[in-house]
Structures are given as structure tokens and as C-alpha cells.
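Engineer: My structure is stored as start.tsv, with TSV, C-alpha atoms and all ligand atoms.
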```tsv
chain	number	residue	atom	x	y	z
A	1	MET	CA	9.06	100.87	-79.85
A	2	GLN	CA	11.98	101.70	-82.10
A	3	LYS	CA	15.12	102.81	-80.30
A	4	LYS	CA	16.30	106.39	-80.80
A	5	ILE	CA	19.45	106.95	-82.80
A	6	ILE	CA	22.87	108.14	-81.72
A	7	PHE	CA	25.57	109.26	-84.11
A	8	SER	CA	29.03	110.52	-83.23
A	9	GLY	CA	32.54	110.40	-84.61
A	10	MET	CA	36.22	111.10	-84.18
A	11	GLN	CA	38.85	112.15	-86.62
A	12	ALA	CA	41.48	109.72	-87.79
A	13	THR	CA	44.24	112.25	-87.29
A	14	GLY	CA	46.91	111.14	-84.82
A	15	ASN	CA	46.40	109.22	-81.61
A	16	LEU	CA	43.37	109.55	-79.37
A	17	HIS	CA	43.88	111.35	-76.06
A	18	ILE	CA	42.09	111.32	-72.73
A	19	GLY	CA	39.95	114.29	-73.80
A	20	ASN	CA	38.48	112.17	-76.62
A	21	TRP	CA	37.86	109.40	-74.14
A	22	LEU	CA	36.48	111.35	-71.17
A	23	GLY	CA	34.60	113.97	-73.21
A	24	ALA	CA	33.12	111.59	-75.75
A	25	ALA	CA	33.81	107.82	-75.97
A	26	ARG	CA	33.13	107.19	-72.28
A	27	ASN	CA	29.59	108.48	-72.74
A	28	TRP	CA	29.14	106.59	-75.98
A	29	ALA	CA	29.76	103.35	-74.12
A	30	ARG	CA	27.30	104.38	-71.40
A	31	LEU	CA	24.51	105.35	-73.76
A	32	CYS	CA	24.75	102.51	-76.21
A	33	ALA	CA	22.36	100.11	-74.45
A	34	GLU	CA	19.41	102.47	-74.84
A	35	TYR	CA	20.00	103.64	-78.42
A	36	THR	CA	20.76	102.37	-81.89
A	37	CYS	CA	24.28	103.73	-82.28
A	38	LEU	CA	26.56	104.60	-85.16
A	39	TYR	CA	30.10	105.59	-84.29
A	40	CYS	CA	32.10	106.71	-87.23
A	41	VAL	CA	35.80	107.27	-87.86
A	42	VAL	CA	35.58	110.50	-89.84
A	43	ASP	CA	38.48	109.92	-92.18
A	44	LEU	CA	37.19	112.37	-94.84
A	45	HIS	CA	37.32	115.16	-92.27
A	46	SER	CA	40.96	114.28	-91.63
A	47	LEU	CA	41.88	115.22	-95.21
A	48	THR	CA	41.40	118.91	-94.37
A	49	VAL	CA	44.95	118.72	-93.01
A	50	ARG	CA	47.67	117.21	-95.22
A	51	GLN	CA	48.12	113.53	-94.30
A	52	ASP	CA	50.66	110.86	-95.07
A	53	PRO	CA	48.48	108.16	-96.75
A	54	ALA	CA	49.94	105.14	-94.95
A	55	THR	CA	49.75	106.90	-91.59
A	56	LEU	CA	46.15	107.99	-92.16
A	57	ARG	CA	45.13	104.42	-92.98
A	58	GLU	CA	46.89	103.15	-89.88
A	59	ASN	CA	45.39	105.85	-87.65
A	60	ALA	CA	41.88	105.17	-88.94
A	61	ARG	CA	42.18	101.48	-87.98
A	62	SER	CA	43.67	102.46	-84.67
A	63	VAL	CA	40.71	104.73	-83.83
A	64	LEU	CA	38.27	101.96	-84.75
A	65	ALA	CA	40.16	99.48	-82.54
A	66	TRP	CA	40.02	102.00	-79.69
A	67	TYR	CA	36.25	102.30	-80.12
A	68	ILE	CA	35.93	98.58	-79.49
A	69	ALA	CA	38.55	98.52	-76.73
A	70	LEU	CA	36.78	101.35	-74.90
A	71	GLY	CA	33.63	99.27	-74.64
A	72	LEU	CA	31.67	99.57	-77.88
A	73	ASP	CA	30.58	96.14	-79.00
A	74	PRO	CA	30.67	95.98	-82.82
A	75	LYS	CA	27.73	93.57	-82.79
A	76	GLU	CA	25.54	96.13	-81.04
A	77	ASN	CA	26.95	99.33	-82.58
A	78	THR	CA	27.81	100.25	-86.15
A	79	LEU	CA	31.51	101.16	-86.05
A	80	TYR	CA	32.65	102.22	-89.49
A	81	PHE	CA	34.73	104.51	-91.70
A	82	GLN	CA	33.03	107.60	-93.11
A	83	SER	CA	34.77	107.15	-96.49
A	84	HIS	CA	33.16	103.71	-96.88
A	85	VAL	CA	29.72	105.29	-97.13
A	86	SER	CA	29.64	107.68	-100.08
A	87	ALA	CA	26.28	109.13	-98.97
A	88	HIS	CA	28.19	111.25	-96.43
A	89	ALA	CA	29.91	113.17	-99.21
A	90	GLU	CA	26.78	113.26	-101.38
A	91	LEU	CA	24.58	114.70	-98.65
A	92	SER	CA	27.34	117.11	-97.68
A	93	TRP	CA	27.28	118.61	-101.18
A	94	ILE	CA	23.52	119.01	-101.11
A	95	LEU	CA	23.55	120.56	-97.63
A	96	SER	CA	26.33	122.97	-98.63
A	97	CYS	CA	23.76	124.54	-100.94
A	98	TYR	CA	21.60	125.23	-97.87
A	99	THR	CA	24.38	126.62	-95.66
A	100	TYR	CA	25.39	130.28	-95.72
A	101	MET	CA	28.96	131.52	-96.07
A	102	GLY	CA	28.26	133.83	-93.12
A	103	GLU	CA	27.41	130.84	-90.91
A	104	LEU	CA	30.62	129.04	-91.80
A	105	ASN	CA	32.63	132.24	-91.34
A	106	ARG	CA	31.52	132.39	-87.73
A	107	MET	CA	32.85	128.93	-86.83
A	108	THR	CA	35.55	129.34	-84.20
A	109	GLN	CA	37.24	126.04	-85.09
A	110	PHE	CA	37.69	127.25	-88.66
A	111	LYS	CA	39.33	130.42	-87.37
A	112	ASP	CA	41.58	128.47	-84.97
A	113	LYS	CA	42.54	125.84	-87.54
A	114	SER	CA	43.26	128.39	-90.26
A	115	ALA	CA	45.47	130.33	-87.86
A	116	LYS	CA	47.44	127.11	-87.20
A	117	ASN	CA	47.54	126.11	-90.89
A	118	GLU	CA	48.20	129.35	-92.72
A	119	ALA	CA	49.86	127.57	-95.64
A	120	ASN	CA	46.85	125.35	-96.33
A	121	ILE	CA	43.55	127.12	-95.67
A	122	ASN	CA	41.61	124.91	-98.06
A	123	ALA	CA	37.90	124.91	-98.91
A	124	GLY	CA	37.44	121.60	-97.05
A	125	LEU	CA	38.50	123.26	-93.82
A	126	PHE	CA	35.84	125.89	-94.43
A	127	THR	CA	33.03	123.47	-95.30
A	128	TYR	CA	34.06	120.95	-92.63
A	129	PRO	CA	30.93	121.66	-90.50
A	130	VAL	CA	28.66	120.92	-93.48
A	131	LEU	CA	30.14	117.42	-93.79
A	132	MET	CA	29.64	117.03	-90.06
A	133	ALA	CA	25.99	118.08	-90.41
A	134	ALA	CA	25.61	115.52	-93.22
A	135	ASP	CA	27.13	112.80	-90.99
A	136	ILE	CA	24.53	113.47	-88.35
A	137	LEU	CA	21.44	114.11	-90.51
A	138	LEU	CA	22.08	111.13	-92.78
A	139	PHE	CA	20.87	108.73	-90.10
A	140	GLN	CA	17.93	110.70	-88.65
A	141	THR	CA	20.01	111.07	-85.51
A	142	ASP	CA	18.26	112.00	-82.26
A	143	LEU	CA	21.29	112.45	-80.01
A	144	VAL	CA	24.91	113.46	-80.65
A	145	PRO	CA	27.25	112.86	-77.70
A	146	VAL	CA	30.30	115.12	-78.07
A	147	GLY	CA	32.70	117.27	-76.08
A	148	ASP	CA	32.15	120.97	-75.55
A	149	ASP	CA	34.26	122.04	-78.56
A	150	GLN	CA	31.66	120.61	-80.97
A	151	ARG	CA	28.78	122.71	-79.60
A	152	GLN	CA	28.88	125.30	-82.39
A	153	HIS	CA	29.10	122.67	-85.15
A	154	LEU	CA	26.13	120.88	-83.67
A	155	GLU	CA	24.11	124.08	-83.57
A	156	LEU	CA	24.85	124.56	-87.27
A	157	ALA	CA	23.66	121.02	-88.04
A	158	ARG	CA	20.39	121.82	-86.27
A	159	ASP	CA	19.99	125.12	-88.16
A	160	VAL	CA	20.61	123.45	-91.52
A	161	ALA	CA	18.15	120.64	-90.71
A	162	GLN	CA	15.47	123.14	-89.72
A	163	ARG	CA	16.05	125.26	-92.82
A	164	PHE	CA	15.84	122.23	-95.08
A	165	ASN	CA	12.67	121.00	-93.34
A	166	GLN	CA	11.07	124.41	-93.73
A	167	VAL	CA	11.51	124.22	-97.48
A	168	TYR	CA	10.75	120.52	-98.09
A	169	GLY	CA	8.73	119.26	-95.10
A	170	GLU	CA	9.90	116.96	-92.33
A	171	ILE	CA	12.88	115.32	-94.02
A	172	PHE	CA	15.39	115.39	-91.13
A	173	VAL	CA	15.15	114.76	-87.42
A	174	VAL	CA	16.58	117.84	-85.69
A	175	PRO	CA	19.26	116.35	-83.41
A	176	GLU	CA	19.98	117.19	-79.78
A	177	GLY	CA	23.49	117.33	-78.36
A	178	TYR	CA	24.67	115.41	-75.33
A	179	ILE	CA	27.53	117.23	-73.66
A	180	PRO	CA	28.54	115.64	-70.36
A	181	PRO	CA	28.38	117.69	-67.14
A	182	VAL	CA	31.94	116.66	-66.18
A	183	GLY	CA	34.77	116.05	-68.66
A	184	ALA	CA	33.37	117.91	-71.69
A	185	ARG	CA	36.48	120.05	-71.87
A	186	ILE	CA	39.71	118.48	-70.68
A	187	MET	CA	42.40	121.14	-70.70
A	188	ALA	CA	46.08	121.01	-71.71
A	189	LEU	CA	48.17	119.90	-68.71
A	190	GLN	CA	50.80	122.61	-69.03
A	191	SER	CA	48.51	125.34	-70.41
A	192	PRO	CA	45.16	124.81	-68.67
A	193	GLY	CA	43.75	127.87	-70.43
A	194	LYS	CA	43.39	125.86	-73.66
A	195	LYS	CA	41.84	122.47	-74.40
A	196	MET	CA	43.85	119.29	-74.68
A	197	SER	CA	44.51	118.69	-78.35
A	198	LYS	CA	46.34	116.01	-80.31
A	199	SER	CA	47.99	118.58	-82.54
A	200	ASP	CA	49.61	120.36	-79.58
A	201	GLU	CA	53.33	120.83	-80.17
A	202	ASN	CA	54.06	120.42	-76.47
A	203	LEU	CA	53.65	116.68	-75.87
A	204	TYR	CA	53.44	117.28	-72.11
A	205	ASN	CA	50.08	118.97	-72.67
A	206	CYS	CA	48.40	115.82	-73.89
A	207	ILE	CA	47.92	112.30	-72.46
A	208	PHE	CA	47.53	109.86	-75.32
A	209	LEU	CA	45.63	106.64	-74.70
A	210	SER	CA	48.67	104.82	-76.06
A	211	ASP	CA	51.16	106.50	-73.67
A	212	SER	CA	52.99	104.05	-71.40
A	213	PRO	CA	52.27	104.21	-67.65
A	214	ASP	CA	55.70	105.83	-67.05
A	215	VAL	CA	55.03	108.54	-69.60
A	216	ILE	CA	51.57	109.20	-68.19
A	217	ILE	CA	52.94	109.63	-64.66
A	218	LYS	CA	55.76	111.86	-65.91
A	219	LYS	CA	53.31	114.09	-67.77
A	220	PHE	CA	51.00	114.45	-64.75
A	221	LYS	CA	53.97	115.24	-62.50
A	222	ARG	CA	54.81	118.11	-64.82
A	223	ALA	CA	51.25	119.45	-64.98
A	224	VAL	CA	50.98	123.16	-64.25
A	225	THR	CA	49.26	124.02	-60.97
A	226	ASP	CA	49.47	127.39	-59.18
A	227	SER	CA	51.26	128.91	-56.21
A	228	ASP	CA	48.80	128.60	-53.30
A	229	ASN	CA	48.87	124.83	-52.60
A	230	GLU	CA	45.09	124.57	-52.13
A	231	ILE	CA	43.20	121.74	-53.83
A	232	ARG	CA	39.74	123.02	-54.69
A	233	PHE	CA	37.59	123.29	-57.82
A	234	SER	CA	37.34	126.87	-58.95
A	235	GLU	CA	37.53	129.02	-62.08
A	236	ASP	CA	40.58	130.84	-60.76
A	237	LYS	CA	42.40	127.49	-60.41
A	238	PRO	CA	42.26	126.06	-63.96
A	239	GLY	CA	45.17	123.62	-63.56
A	240	ILE	CA	43.91	122.10	-60.29
A	241	SER	CA	40.30	122.03	-61.49
A	242	ASN	CA	41.33	120.21	-64.66
A	243	LEU	CA	43.20	117.56	-62.65
A	244	LEU	CA	40.20	117.15	-60.33
A	245	THR	CA	37.97	116.71	-63.39
A	246	VAL	CA	40.22	114.00	-64.82
A	247	TYR	CA	40.39	112.24	-61.46
A	248	SER	CA	36.62	112.43	-61.04
A	249	CYS	CA	36.01	110.99	-64.52
A	250	VAL	CA	38.40	108.06	-64.19
A	251	THR	CA	37.44	107.08	-60.64
A	252	GLY	CA	33.69	107.79	-60.77
A	253	ARG	CA	34.05	109.99	-57.65
A	254	SER	CA	32.10	113.28	-57.75
A	255	ILE	CA	34.06	116.54	-57.84
A	256	ASP	CA	33.24	117.14	-54.14
A	257	GLN	CA	34.37	113.64	-53.19
A	258	SER	CA	37.51	114.13	-55.25
A	259	VAL	CA	38.33	117.36	-53.41
A	260	ALA	CA	37.75	115.54	-50.10
A	261	ASP	CA	40.09	112.71	-51.19
A	262	PHE	CA	42.94	115.22	-51.37
A	263	ALA	CA	42.15	117.31	-48.29
A	264	GLN	CA	45.48	116.28	-46.71
A	265	SER	CA	47.61	116.28	-49.88
A	266	GLY	CA	50.17	118.65	-51.31
A	267	TYR	CA	50.31	119.33	-55.06
A	268	GLY	CA	53.11	116.80	-55.70
A	269	ASP	CA	51.19	113.94	-54.11
A	270	PHE	CA	47.93	115.06	-55.77
A	271	LYS	CA	49.42	115.06	-59.28
A	272	LEU	CA	50.98	111.63	-58.73
A	273	LYS	CA	47.68	110.17	-57.50
A	274	VAL	CA	45.75	111.58	-60.46
A	275	GLY	CA	48.35	110.08	-62.81
A	276	GLU	CA	48.11	106.70	-61.07
A	277	ALA	CA	44.32	106.75	-61.25
A	278	VAL	CA	44.49	107.38	-65.01
A	279	VAL	CA	47.04	104.59	-65.52
A	280	GLU	CA	44.88	102.17	-63.55
A	281	ALA	CA	41.68	103.09	-65.37
A	282	LEU	CA	43.32	102.83	-68.78
A	283	LEU	CA	45.09	99.52	-68.19
A	284	PRO	CA	42.27	97.10	-69.17
A	285	TYR	CA	41.42	99.21	-72.24
A	286	ARG	CA	45.05	99.25	-73.34
A	287	ARG	CA	45.33	95.49	-73.04
A	288	GLU	CA	42.18	95.08	-75.10
A	289	TYR	CA	43.45	97.57	-77.67
A	290	ASP	CA	46.80	95.76	-78.02
A	291	ARG	CA	44.95	92.48	-78.57
A	292	LEU	CA	42.54	93.96	-81.13
A	293	ILE	CA	45.04	95.88	-83.22
A	294	ALA	CA	47.04	92.67	-83.69
A	295	ASP	CA	43.94	90.76	-84.85
A	296	THR	CA	43.86	91.96	-88.44
A	297	ALA	CA	41.30	89.42	-89.67
A	298	TYR	CA	38.82	90.30	-86.92
A	299	LEU	CA	39.11	94.04	-87.54
A	300	ASP	CA	38.77	93.58	-91.31
A	301	GLY	CA	35.57	91.62	-90.70
A	302	VAL	CA	34.11	94.30	-88.43
A	303	ILE	CA	35.03	97.03	-90.91
A	304	ALA	CA	33.48	95.30	-93.92
A	305	GLU	CA	30.28	94.34	-92.14
A	306	ALA	CA	29.75	97.77	-90.57
A	307	ALA	CA	30.26	99.56	-93.88
A	308	GLY	CA	27.46	97.52	-95.42
A	309	LYS	CA	25.19	98.18	-92.45
A	310	ALA	CA	25.84	101.94	-92.49
A	311	ARG	CA	25.21	102.14	-96.27
A	312	HIS	CA	21.93	100.35	-95.76
A	313	LEU	CA	20.91	102.67	-92.91
A	314	ALA	CA	21.83	105.78	-94.92
A	315	ALA	CA	19.88	104.81	-98.04
A	316	PRO	CA	16.32	105.83	-97.01
A	317	THR	CA	17.34	109.38	-95.99
A	318	MET	CA	19.37	109.82	-99.14
A	319	ALA	CA	16.42	108.70	-101.27
A	320	ARG	CA	14.07	111.14	-99.52
A	321	VAL	CA	16.51	114.02	-99.92
A	322	ARG	CA	17.05	113.30	-103.60
A	323	THR	CA	13.31	113.23	-104.21
A	324	ALA	CA	12.70	116.34	-102.12
A	325	VAL	CA	15.22	118.51	-103.96
A	326	GLY	CA	14.16	117.23	-107.37
A	327	LEU	CA	17.08	115.08	-108.50
A	328	PRO	CA	15.93	112.85	-111.37
B	401	LIG	P1	37.54	115.26	-82.74
B	401	LIG	O1	38.11	114.12	-83.50
B	401	LIG	O2	38.36	116.51	-82.61
B	401	LIG	O3	37.18	114.80	-81.27
B	401	LIG	C1	36.41	113.63	-81.02
B	401	LIG	C2	35.54	113.85	-79.79
B	401	LIG	O4	36.36	114.16	-78.66
B	401	LIG	C3	35.90	115.38	-78.06
B	401	LIG	N1	37.07	116.11	-77.54
B	401	LIG	C4	37.20	116.49	-76.27
B	401	LIG	N2	36.40	116.34	-75.20
B	401	LIG	C5	36.84	116.85	-74.02
B	401	LIG	N3	38.03	117.50	-73.88
B	401	LIG	C6	38.86	117.68	-74.93
B	401	LIG	N4	40.02	118.31	-74.79
B	401	LIG	C7	38.45	117.16	-76.20
B	401	LIG	N5	39.02	117.15	-77.43
B	401	LIG	C8	38.16	116.50	-78.23
B	401	LIG	C9	35.23	116.14	-79.17
B	401	LIG	O5	34.31	117.09	-78.68
B	401	LIG	C10	34.56	115.03	-79.96
B	401	LIG	O6	33.33	114.68	-79.37
B	401	LIG	N6	34.24	117.33	-85.85
B	401	LIG	C11	34.46	116.25	-84.91
B	401	LIG	C12	34.22	114.89	-85.49
B	401	LIG	C13	32.91	114.70	-86.17
B	401	LIG	C14	31.66	114.47	-85.53
B	401	LIG	C15	30.73	114.30	-86.58
B	401	LIG	C16	31.27	114.40	-84.21
B	401	LIG	C17	32.70	114.66	-87.50
B	401	LIG	N7	31.40	114.43	-87.76
B	401	LIG	C18	29.39	114.09	-86.31
B	401	LIG	C19	29.92	114.16	-83.94
B	401	LIG	C20	29.00	114.02	-84.98
B	401	LIG	C21	35.87	116.32	-84.42
B	401	LIG	O7	36.74	116.85	-85.05
B	401	LIG	O8	36.08	115.62	-83.26
```
Can the structure in the file be given as C-alpha cells, please?
Structural biologist:
Amino acid sequence: MQKKIIFSGMQATGNLHIGNWLGAARNWARLCAEYTCLYCVVDLHSLTVRQDPATLRENARSVLAWYIALGLDPKENTLYFQSHVSAHAELSWILSCYTYMGELNRMTQFKDKSAKNEANINAGLFTYPVLMAADILLFQTDLVPVGDDQRQHLELARDVAQRFNQVYGEIFVVPEGYIPPVGARIMALQSPGKKMSKSDENLYNCIFLSDSPDVIIKKFKRAVTDSDNEIRFSEDKPGISNLLTVYSCVTGRSIDQSVADFAQSGYGDFKLKVGEAVVEALLPYRREYDRLIADTAYLDGVIAEAAGKARHLAAPTMARVRTAVGLP
């Protein structure tokens, strides 16, 4: 029987952080044995915010190298750049004609991003979720493993697929999301009311995968907790619960086991131990990343081969869509 298909992606903007890893990439690596997987570096999406060209190019390669370092074998998975497969943009245009302004207006990420980028609220920022729907639908994707913040975008992709199918017959598979039970929303260390984000101005809020062990420990030591010195997982303790989540994800201990591990600890000791657990878990991945990013010829080979594979996989859907809508 043919394997089901997974598609997911990350932006090429800035460095990856532990939210990207624990909320998404960690599950990608777990699921990849059972599925045919495409993991894309969504560099076109990154253009919605003004980028320095050389930095964007470098970041895109860096994200791809992290994919491999975090356990995605490029022989088994198609790891590629979105901009290398023009069908993404082509399908996005077509789908934009089947997406309502009202739907896009409701997207909370558009509202958040426009509030942060008042000087550059461009049309790409608005139609961003249509390109994301095209990414997914282009490959007849069954499952989309993402963090919690992509829930609404995923719902839109499903709505657009269903609408299109209603008009033209069964052209697209309607994809399901995979949002992990633990780690789907890693919060900012010093403001645990908001999610960890690479564009955060406060660097202490975010643990980058490329942070040195010293920096990681320092950031965890400064994480915001609360005033009652009790380590338990609860909605009224967002800082502590976030640290327990991170610890649970990197050690494989359940939340209950994690709470038990710290039954005798104070907050200072707890934060240090969480930081140390993250450093230890990241170490082999960092070594692999450092090796890969220096191996230019190998990465170039992976990139070229995967682009060809992704173009080939996208072609049948694109042909069906063109025929369905009546393009000559
Ligand atoms: P991006 O680049 O913002 O994030 C990549 C992945 O990381 C997850 N994530 C988090 N998970 C837990 N806690 C956090 N604090 C956290 N921050 C980010 C995201 O949910 C995501 O899974 N629009 C997407 C990229 C995209 C895409 C796609 C994803 C474009 N096309 C098609 C899936 C399918 C984005 O900006 O992700």
C-alpha cells in the first residue's frame, strides 16, 4: 500500500528556536518512518517581512541543515526550498481566487503581524495563508504536523480544499493536522503569557538552537516564575508549566514524572536543571549541524536533488488543477 503523505515547513527568517524544534521538527522526525514526507523551507513566505538578501539565503540553508541535523534523513525525506518549485506560487494564485477576503481578515497571525509591522502591511502578509494552503494541497497531503499557532491556517487550507472539491470534484485530499499533546506551544521565558517567537525583541525570551550552552543556561536562570515556590503544572502557573513542558519534551519524561523529579527542588535549582537538560539534549544535534553547515558540497547536492523530486511530485496535482479550472 502507498504510504500517506506528510507536508510541513518552517520560515527562513532568523534562527530556529526550541519552539520550532519541540512543537514541530521533533514530531517530523518521529513520524517520518511511516509516511512519505516533504519538509520545506518556506522562503517565499519569508518575503512578507523585508529581508536582507544575503542573510535570507544564509538562513534558508541554515534551516535546511537543521532539518537534517534534527534527524531528517534527506534520502528518505524531501527537504527543499519552496522557491525552487514554482508550482507553489502558481497554485497559490489559483487558490486565492477561491479564498474569501473575510476568511483572511479573520486570521489572528495577520492581525498580530500587521500590528508589529505597521510600516509594511503588504498584500503578501494578507494572502500568506493561501500560499500555505497551496504548499499543503500541492502534494495531496494527508497529515500536517505543526505547532498550535498554525491551527487556524490549517483550518483555512481544509476549507479551501473542500470548497474547490465541491466545485470541481475530488481534486485535493483534505489534510488533517497533527498538533502534539505536549510542546505545541512553547512560551516566552520572560513573558510566559505569549509564545516563544524568533522576532521577540527580548532575547531572553527565546532559546535559539544555535545558542551556546552558557547562553542557554543564563536564559533559563532568568526565566520568569512566580512567587509561591511550588513546582506544579497548572494554568495559573504559566512560567513553571512552560519550564515543565520543555523539560518533559527534552527528557521524554511525562509531565507527572517531571513534576515528581522536582518535588524537593526550589525554583533556582529547577531552572538550572531544565537548562542543563536542554543543553544536553541539543548537544548531538548541534555537533551534527556544525558539521553539515560546513559541508557546502553535500548541502548543495541535497538541495538540487530535492528540488527536482519536489517538482516531480507536484506536477500531477498541478496538471489536474489546471484542467479542472479550464486553463488551456
Ligand atoms: P514558523 O516558521 O513560524 O514555525 C515553524 C513551526 O514551528 C512551530 N512553532 C512553535 N511550536 C511550539 N511553540 C512555539 N513557540 C512555536 N513557534 C513556532 C510552528 O507551529 C510551525 O509548525 N506558516 C508556517 C510555515 C508554513 C507551513 C506551511 C507549515 C508555511 N507553509 C505548510 C505547515 C504546512 C510558519 O510560519 O511556521
Engineer: If we count all atoms listed in the file, what is near Glu103 in chain A at a cut-off of 12 Å, once residues fewer than 3 positions away on the same chain are taken out, given as a ChimeraX atom specification?
Structural biologist: /A:96,98-100,106-108,110,126-127,129-130,152-153,155-157,159-160
Engineer: Tell me which protein, DNA and RNA residues are within 7 Å of Val41 in chain A, counting all atoms listed in the file, leaving out same-chain ones fewer than 5 positions away, and put them as a ChimeraX atom specification.
Structural biologist: /A:9-12,60,63-64,80-82
Engineer: With distances taken over all atoms listed in the file, which residue among A:Arg57, A:Lys113, A:Arg30, A:Lys309 lies nearest Pro180 in chain A?
Structural biologist: A:Arg30
Engineer: Of the candidates A:Ala115, A:Glu201, A:Ile94, A:Thr245, which one gets nearest to ligand LIG 401 (chain B) if we count all atoms listed in the file?
Structural biologist: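 Closest to ligand LIG 401 (chain B), using all atoms listed in the file: A:Thr245.
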Engineer: Please identify all polymer residues within 8 Å of Ala263 in chain A, counting all atoms listed in the file, omitting same-chain residues fewer than 3 positions from it, and present them as a ChimeraX atom specification.
Structural biologist: /A:231,259-260
Engineer: Box time for ligand LIG 401 (chain B): axis-aligned, enclosing all its listed atoms, 8 Å extra on each side; report centre and edge lengths in Å to one decimal, as AutoDock Vina command-line options.
Structural biologist:
```
--center_x 34.5 --center_y 116.0 --center_z -80.8 --size_x 27.0 --size_y 20.7 --size_z 29.9
```
Engineer: Have a look at CA of Glu34 in chain A and CA of Lys3 in chain A and let me know their distance in Å, one decimal.
Structural biologist: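 For CA of Glu34 in chain A relative to CA of Lys3 in chain A, the distance reads 7.0 Å.
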Engineer: Rounded to one decimal in Å, what is the spacing between atom C19 of ligand LIG 401 (chain B) and CA of Tyr35 in chain A?
Structural biologist: 15.5 Å
Engineer: CA of Ala25 in chain A to CA of Asn117 in chain A: how many Å, to one decimal?
Structural biologist: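 Taking CA of Ala25 in chain A as the start and CA of Asn117 in chain A as the end point, the length is 27.3 Å.
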